[in-house]
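Shown next: entry-v3.cif, given as mmCIF, C-alpha atoms.
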```
data_data
#
loop_
_atom_site.label_atom_id
_atom_site.label_comp_id
_atom_site.auth_asym_id
_atom_site.auth_seq_id
_atom_site.Cartn_x
_atom_site.Cartn_y
_atom_site.Cartn_z
CA ILE A 264 136.35 -118.00 116.93
CA ARG A 265 134.10 -118.42 113.88
CA LEU A 266 135.05 -121.32 111.65
CA ARG A 267 135.32 -120.92 107.89
CA SER A 268 132.13 -120.98 105.84
CA SER A 269 130.72 -124.35 104.81
CA ILE A 270 127.41 -126.16 105.00
CA TYR A 271 126.29 -129.78 105.32
CA ILE A 272 123.02 -130.68 103.59
CA LYS A 273 120.81 -133.72 104.07
CA TYR A 274 118.05 -134.36 101.54
CA LYS A 275 116.29 -137.72 101.57
CA ASN A 276 119.14 -140.24 101.22
CA GLN A 277 121.74 -137.71 100.02
CA ASN A 278 124.31 -136.12 102.34
CA PHE A 279 126.71 -133.56 100.92
CA VAL A 280 128.76 -130.48 101.72
CA VAL A 281 129.40 -127.14 100.07
CA ASP A 282 133.14 -126.44 100.32
CA THR A 283 135.86 -128.09 102.41
CA GLY A 284 137.76 -125.29 104.08
CA PRO A 285 140.70 -125.51 106.53
CA ASP A 286 138.27 -126.19 109.40
CA PHE A 287 136.58 -129.09 107.61
CA ARG A 288 137.94 -131.83 109.89
CA GLN A 289 136.90 -129.93 113.02
CA GLN A 290 133.45 -129.24 111.58
CA VAL A 291 132.91 -132.89 110.64
CA LEU A 292 133.94 -134.18 114.07
CA THR A 293 132.02 -131.52 116.00
CA ASN A 294 128.80 -132.19 114.10
CA ASN A 295 129.19 -135.98 114.05
CA ILE A 296 129.03 -136.23 110.26
CA LYS A 297 129.31 -139.85 109.15
CA LYS A 298 128.55 -139.74 105.43
CA ILE A 299 129.37 -137.48 102.48
CA ASP A 300 128.09 -138.50 99.07
CA PHE A 301 129.55 -135.56 97.15
CA VAL A 302 130.94 -132.03 97.40
CA LEU A 303 129.82 -128.81 95.73
CA TYR A 304 132.61 -126.24 95.47
CA THR A 305 131.98 -122.50 95.18
CA HIS A 306 135.51 -121.45 94.17
CA ALA A 307 139.17 -122.32 94.61
CA HIS A 308 140.24 -119.93 97.38
CA ARG A 309 141.98 -121.85 100.16
CA ASP A 310 139.46 -120.87 102.86
CA HIS A 311 136.98 -122.98 100.87
CA THR A 312 139.15 -125.85 99.61
CA SER A 313 142.19 -126.58 101.78
CA GLY A 314 140.42 -129.27 103.82
CA ILE A 315 140.06 -131.50 100.77
CA ASP A 316 142.58 -133.99 102.22
CA GLU A 317 140.11 -134.87 104.97
CA LEU A 318 137.76 -136.42 102.42
CA ARG A 319 140.01 -139.48 102.57
CA SER A 320 138.38 -140.47 105.86
CA PHE A 321 135.08 -140.77 104.02
CA ASN A 322 136.78 -142.70 101.20
CA PHE A 323 137.92 -145.16 103.85
CA ILE A 324 134.56 -145.41 105.60
CA GLN A 325 132.44 -145.53 102.43
CA LYS A 326 134.97 -147.49 100.36
CA ASP A 327 134.28 -145.31 97.35
CA THR A 328 135.50 -142.27 95.41
CA ILE A 329 133.80 -138.98 96.22
CA ASN A 330 132.50 -136.84 93.36
CA ALA A 331 133.13 -133.10 93.57
CA PHE A 332 131.64 -130.36 91.40
CA GLY A 333 132.72 -126.82 90.52
CA ASN A 334 133.22 -124.47 87.61
CA GLU A 335 136.07 -124.87 85.14
CA SER A 336 138.44 -122.48 86.93
CA LEU A 337 137.88 -124.32 90.23
CA VAL A 338 138.66 -127.69 88.68
CA LYS A 339 141.83 -126.40 87.01
CA GLN A 340 143.04 -124.70 90.19
CA LEU A 341 142.42 -127.72 92.44
CA LYS A 342 144.28 -129.98 90.02
CA LYS A 343 147.19 -127.55 90.24
CA ASP A 344 147.11 -126.82 93.99
CA PHE A 345 146.53 -130.45 94.98
CA SER A 346 148.31 -132.17 92.10
CA TYR A 347 149.34 -135.09 94.32
CA ILE A 348 145.65 -136.03 94.54
CA PHE A 349 144.91 -135.77 90.84
CA ASN A 350 148.14 -136.87 89.11
CA GLY A 351 146.99 -140.47 88.75
CA LEU A 352 149.21 -142.02 91.42
CA ASN A 353 147.37 -144.67 93.40
CA TYR A 354 149.33 -143.94 96.57
CA PRO A 355 147.75 -145.38 99.77
CA GLY A 356 146.14 -142.71 101.91
CA LEU A 357 145.51 -140.16 99.17
CA PRO A 358 141.97 -138.79 98.91
CA LYS A 359 140.01 -140.27 96.04
CA VAL A 360 138.10 -137.38 94.52
CA LYS A 361 136.61 -137.18 91.05
CA LEU A 362 136.29 -133.58 89.86
CA LYS A 363 133.50 -132.64 87.47
CA VAL A 364 132.96 -129.30 85.72
CA VAL A 365 129.61 -127.58 86.25
CA LYS A 366 128.34 -125.48 83.34
CA LYS A 367 124.59 -125.56 83.89
CA ALA A 368 121.88 -127.11 86.04
CA PHE A 369 122.42 -130.83 86.48
CA VAL A 370 121.03 -133.91 88.19
CA PHE A 371 123.17 -136.07 90.44
CA LYS A 372 121.70 -139.16 92.09
CA LYS A 373 118.18 -137.90 91.30
CA LEU A 374 118.84 -134.53 92.98
CA ASN A 375 118.35 -131.38 90.88
CA ILE A 376 121.16 -128.88 91.48
CA LYS A 377 121.06 -125.41 89.98
CA PRO A 378 124.34 -123.43 89.94
CA ILE A 379 124.11 -119.65 90.31
CA LYS A 380 126.96 -117.59 88.85
CA VAL A 381 128.06 -114.66 91.01
CA MET A 382 131.11 -112.39 90.93
CA HIS A 383 133.71 -112.24 93.70
CA HIS A 384 135.37 -109.05 92.39
CA LYS A 385 136.78 -110.45 89.10
CA LEU A 386 136.43 -114.15 89.95
CA GLU A 387 133.35 -116.13 88.95
CA VAL A 388 132.00 -118.07 91.92
CA LEU A 389 129.17 -120.59 92.04
CA GLY A 390 126.28 -120.44 94.43
CA TYR A 391 123.83 -123.33 94.47
CA ARG A 392 120.07 -123.76 94.65
CA ILE A 393 118.60 -127.08 95.78
CA LYS A 394 114.78 -127.09 95.81
CA ASP A 395 113.74 -124.04 97.87
CA PHE A 396 117.16 -123.46 99.42
CA THR A 397 119.89 -121.21 97.98
CA TYR A 398 123.45 -120.84 99.24
CA ILE A 399 125.74 -118.04 98.05
CA THR A 400 129.07 -117.01 99.49
CA ASP A 401 131.96 -114.76 98.40
CA ALA A 402 129.97 -112.46 96.14
CA ASN A 403 129.74 -108.74 95.56
CA LYS A 404 127.72 -108.77 92.33
CA ILE A 405 124.86 -110.88 90.96
CA THR A 406 123.35 -110.18 87.54
CA ASP A 407 119.60 -109.93 87.02
CA ILE A 408 119.63 -113.26 85.14
CA GLU A 409 121.22 -115.05 88.10
CA LEU A 410 119.07 -113.22 90.65
CA HIS A 411 116.02 -114.59 88.84
CA LYS A 412 117.27 -118.13 89.63
CA ILE A 413 117.12 -117.32 93.36
CA LYS A 414 113.54 -115.99 93.30
CA GLY A 415 111.06 -118.21 95.11
CA SER A 416 113.61 -119.63 97.52
CA LYS A 417 112.19 -120.12 100.99
CA VAL A 418 115.63 -119.80 102.56
CA LEU A 419 118.67 -117.89 101.32
CA VAL A 420 122.13 -118.04 102.88
CA LEU A 421 124.15 -115.06 101.66
CA ASN A 422 127.59 -113.66 102.39
CA CYS A 423 127.80 -110.42 104.38
CA LEU A 424 131.36 -109.50 105.30
CA GLN A 425 131.21 -106.14 107.07
CA ILE A 426 129.52 -102.76 107.50
CA ASP A 427 131.66 -100.80 105.06
CA LYS A 428 131.72 -101.41 101.31
CA HIS A 429 134.20 -104.11 100.22
CA ILE A 430 135.89 -104.86 96.90
CA SER A 431 134.77 -108.51 96.67
CA HIS A 432 132.03 -109.16 99.25
CA PHE A 433 128.57 -107.79 99.96
CA ASN A 434 128.43 -105.45 102.91
CA LEU A 435 125.48 -105.30 105.31
CA LYS A 436 123.36 -102.86 103.31
CA GLU A 437 123.95 -104.66 100.01
CA ALA A 438 123.05 -108.04 101.49
CA ILE A 439 119.86 -106.69 103.10
CA ASP A 440 118.84 -105.04 99.82
CA ILE A 441 119.14 -108.33 97.93
CA VAL A 442 116.93 -110.12 100.45
CA LYS A 443 114.34 -107.33 100.26
CA ASN A 444 114.34 -107.11 96.46
CA LEU A 445 113.93 -110.88 96.07
CA LYS A 446 111.27 -110.98 98.81
CA ILE A 447 112.96 -113.91 100.54
CA LYS A 448 110.98 -115.29 103.48
CA LYS A 449 114.02 -116.18 105.57
CA ALA A 450 117.68 -115.28 105.07
CA TYR A 451 120.88 -115.99 106.97
CA PHE A 452 124.06 -113.98 106.54
CA THR A 453 127.35 -115.88 106.56
CA HIS A 454 131.06 -115.37 105.74
CA ILE A 455 131.10 -112.70 108.44
CA SER A 456 134.25 -110.84 109.50
CA HIS A 457 135.00 -109.08 112.77
CA ASN A 458 134.34 -105.82 110.92
CA LEU A 459 130.61 -106.53 110.93
CA GLY A 460 130.44 -106.20 114.71
CA LYS A 461 129.25 -108.34 117.59
CA HIS A 462 126.71 -111.03 116.68
CA PHE A 463 124.09 -110.11 119.31
CA LEU A 464 124.27 -106.38 118.49
CA ILE A 465 123.93 -106.73 114.70
CA ASN A 466 121.14 -109.31 114.99
CA LYS A 467 119.02 -106.74 116.82
CA LEU A 468 119.33 -104.31 113.90
CA LEU A 469 118.28 -106.76 111.19
CA PRO A 470 114.78 -107.13 109.69
CA LYS A 471 112.74 -109.93 111.29
CA ASN A 472 113.25 -112.27 108.34
CA ILE A 473 117.06 -111.97 108.45
CA SER A 474 119.48 -113.49 110.99
CA LEU A 475 123.22 -113.89 111.27
CA ALA A 476 124.32 -117.49 110.79
CA TYR A 477 126.55 -119.16 113.38
CA ASP A 478 128.62 -122.32 113.74
CA GLY A 479 126.35 -125.31 114.32
CA LEU A 480 123.19 -123.62 113.02
CA GLU A 481 120.61 -126.15 111.79
CA ILE A 482 117.87 -125.22 109.30
CA ASN A 483 114.90 -127.44 108.50
CA ILE A 484 113.00 -126.73 105.28
CA LYS A 485 109.70 -128.53 104.74
#
```
Entire entry expressed as structure tokens:
Amino acid sequence: IRLRSSIYIKYKNQNFVVDTGPDFRQQVLTNNIKKIDFVLYTHAHRDHTSGIDELRSFNFIQKDTINAFGNESLVKQLKKDFSYIFNGLNYPGLPKVKLKVVKKAFVFKKLNIKPIKVMHHKLEVLGYRIKDFTYITDANKITDIELHKIKGSKVLVLNCLQIDKHISHFNLKEAIDIVKNLKIKKAYFTHISHNLGKHFLINKLLPKNISLAYDGLEINIK
């Protein structure tokens, strides 16, 4: 019954999401989300992008185009997969989304956003660091250079698919080792499959500074 991985972030007057998966509409309604200023995309797999159509509700409410950011492969793939959105037709009811390529750290509406490049088997995926918070999903390898960008984060959200080793995701041991090596104060594991085991059983086995994330989890960072 877990919904697909996504997160809604509020910082000062900015409200934004990371990824718009197939459960995006349900997540927005359940959590009473009224405003989305922009979207950060991790990669183009459908479990992270196929809810893009639902951004049109926010176009209607906010009467504005929504900016969306991702790496070059993400932008190319979305323009192909959702060509009806990006082919220039001003058809009523289409989402109005402006895609922008992320190549390095950037500032949007006075908010510093630092992309972190990770590998999802052979696909480059972006994680993101905003202030002392880092969010990474769909990864099984992070270079030392990119790991250095995570250091100092107060909170890290990291993918942890299952117990056994996996071709494109961190397993439990690998995820725990990253948290330990980076000396993260608090970490949450996300993008969990049924192969990890029951939530309440696995939580008991984790170090005190690590918890399994769950739908509706709220984190406050001072």
Write out as an MDAnalysis selection string each polymer residue whose atoms come within 10 Å of A:Ile376, counting all atoms listed in the file; drop sequence neighbours fewer than 3 positions from it. chainID A and resid 303 367:371 373 379 391:394
Which residues, written as a PyMOL selection string, have at least one atom at most 8 Å from stretch 455-459 of chain A, with only C-alpha atoms counted and residues fewer than 6 positions away on the same chain left out? chain A and resi 422-426+435+465
request  = Identify all residues satisfying the PyMOL selection byres ((chain A and resi 409) around 12) in the given file; provide them as an MDAnalysis selection string.
outcome  = chainID A and resid 367 377:382 388:392 397 399 404:408 410:414 445
Within 9 Å of (115.0, -111.7, 108.5) (coordinates as in the file), grab all the protein and nucleic acid residues, counting all atoms listed in the file, and write them out as a VMD selection string. chain A and resid 439 442 447 to 451 469 to 475
Just C-alpha atoms for this one: save the residues we selected as a tab-separated table (two decimals), in the frame of the given file.
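Listed below is the output, again_34.tsv:
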```
chain	number	residue	atom	x	y	z
A	439	ILE	CA	119.86	-106.69	103.10
A	442	VAL	CA	116.93	-110.12	100.45
A	447	ILE	CA	112.96	-113.91	100.54
A	448	LYS	CA	110.98	-115.29	103.48
A	449	LYS	CA	114.02	-116.18	105.57
A	450	ALA	CA	117.68	-115.28	105.07
A	451	TYR	CA	120.88	-115.99	106.97
A	469	LEU	CA	118.28	-106.76	111.19
A	470	PRO	CA	114.78	-107.13	109.69
A	471	LYS	CA	112.74	-109.93	111.29
A	472	ASN	CA	113.25	-112.27	108.34
A	473	ILE	CA	117.06	-111.97	108.45
A	474	SER	CA	119.48	-113.49	110.99
A	475	LEU	CA	123.22	-113.89	111.27
```
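The space between atom CA of A:Asn295 and atom CA of A:Lys417 spans 26.7 Å.
The two atoms in question, atom CA of A:Leu266 and atom CA of A:Asp478, are spaced 6.8 Å apart.
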What's the 7 Å shell around A:Asn330, counting all atoms listed in the file, without same-chain residues fewer than 2 positions away, as a VMD selection string?
chain A and resid 301 to 302 328 332 360 to 362
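Remark: for A:Gln277, the closest of the candidate residues A:Gly333, A:Lys298, A:Ala402, A:Gln290 is A:Lys298 (distances computed over all atoms listed in the file).
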Evaluating the PyMOL selection byres ((chain A and resi 306) around 10) on the displayed file yields which residues, as a ChimeraX atom specification? /A:282,303-305,307-312,333-338,340-341,383,386-390,400-401
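Going from atom CA of A:Lys436 to atom CA of A:Lys385 covers 21.0 Å.
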Task: Exercise: A:Asn294 partners within 12 Å, all atoms listed in the file, chain neighbours under 3 positions left out, as a PyMOL selection string - done: chain A and resi 270-271+287-291+297-298+478-481
Kindly save the residues from that selection, with C-alpha atoms included, as a PDB file, in the coordinates of the input.
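To be explicit, this is the file written out as result-v8.pdb:
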```
ATOM      1  CA  ILE A 270     127.410-126.160 105.000  1.00  0.00           C
ATOM      2  CA  TYR A 271     126.290-129.780 105.320  1.00  0.00           C
ATOM      3  CA  PHE A 287     136.580-129.090 107.610  1.00  0.00           C
ATOM      4  CA  ARG A 288     137.940-131.830 109.890  1.00  0.00           C
ATOM      5  CA  GLN A 289     136.900-129.930 113.020  1.00  0.00           C
ATOM      6  CA  GLN A 290     133.450-129.240 111.580  1.00  0.00           C
ATOM      7  CA  VAL A 291     132.910-132.890 110.640  1.00  0.00           C
ATOM      8  CA  LYS A 297     129.310-139.850 109.150  1.00  0.00           C
ATOM      9  CA  LYS A 298     128.550-139.740 105.430  1.00  0.00           C
ATOM     10  CA  ASP A 478     128.620-122.320 113.740  1.00  0.00           C
ATOM     11  CA  GLY A 479     126.350-125.310 114.320  1.00  0.00           C
ATOM     12  CA  LEU A 480     123.190-123.620 113.020  1.00  0.00           C
ATOM     13  CA  GLU A 481     120.610-126.150 111.790  1.00  0.00           C
TER      14      GLU A 481
END
```
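Considering the residues A:Leu374, A:Val280, A:Leu352, A:Val420 and counting only C-alpha atoms, A:Phe396 has its shortest atom-to-atom contact with A:Val420.
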Between A:Leu318, A:Val364, A:Leu419, A:Ile430, smallest distance to A:Lys443 by all atoms listed in the file belongs to A:Leu419
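Among A:Leu464, A:Ile296, A:Ala331, A:Ile441, the residue with the shortest atom-to-atom distance to A:Val365, counting only C-alpha atoms, is A:Ala331.
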Can you translate the PyMOL selection byres ((chain A and resi 314) around 6) into the concrete residues it hits in this file, as a list in words?
Thr283, Gly284, Pro285, Phe287, Thr312, Ser313, Ile315, Asp316 and Glu317 of chain A
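Of the listed residues (A:His432, A:Lys363, A:Arg265, A:Lys485), A:Arg265 comes nearest to A:His462; the distances count all atoms listed in the file.
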A:Phe279 proximity check over A:Ile299, A:Asn444, A:Thr293, A:Gly460, using all atoms listed in the file: winner is A:Ile299
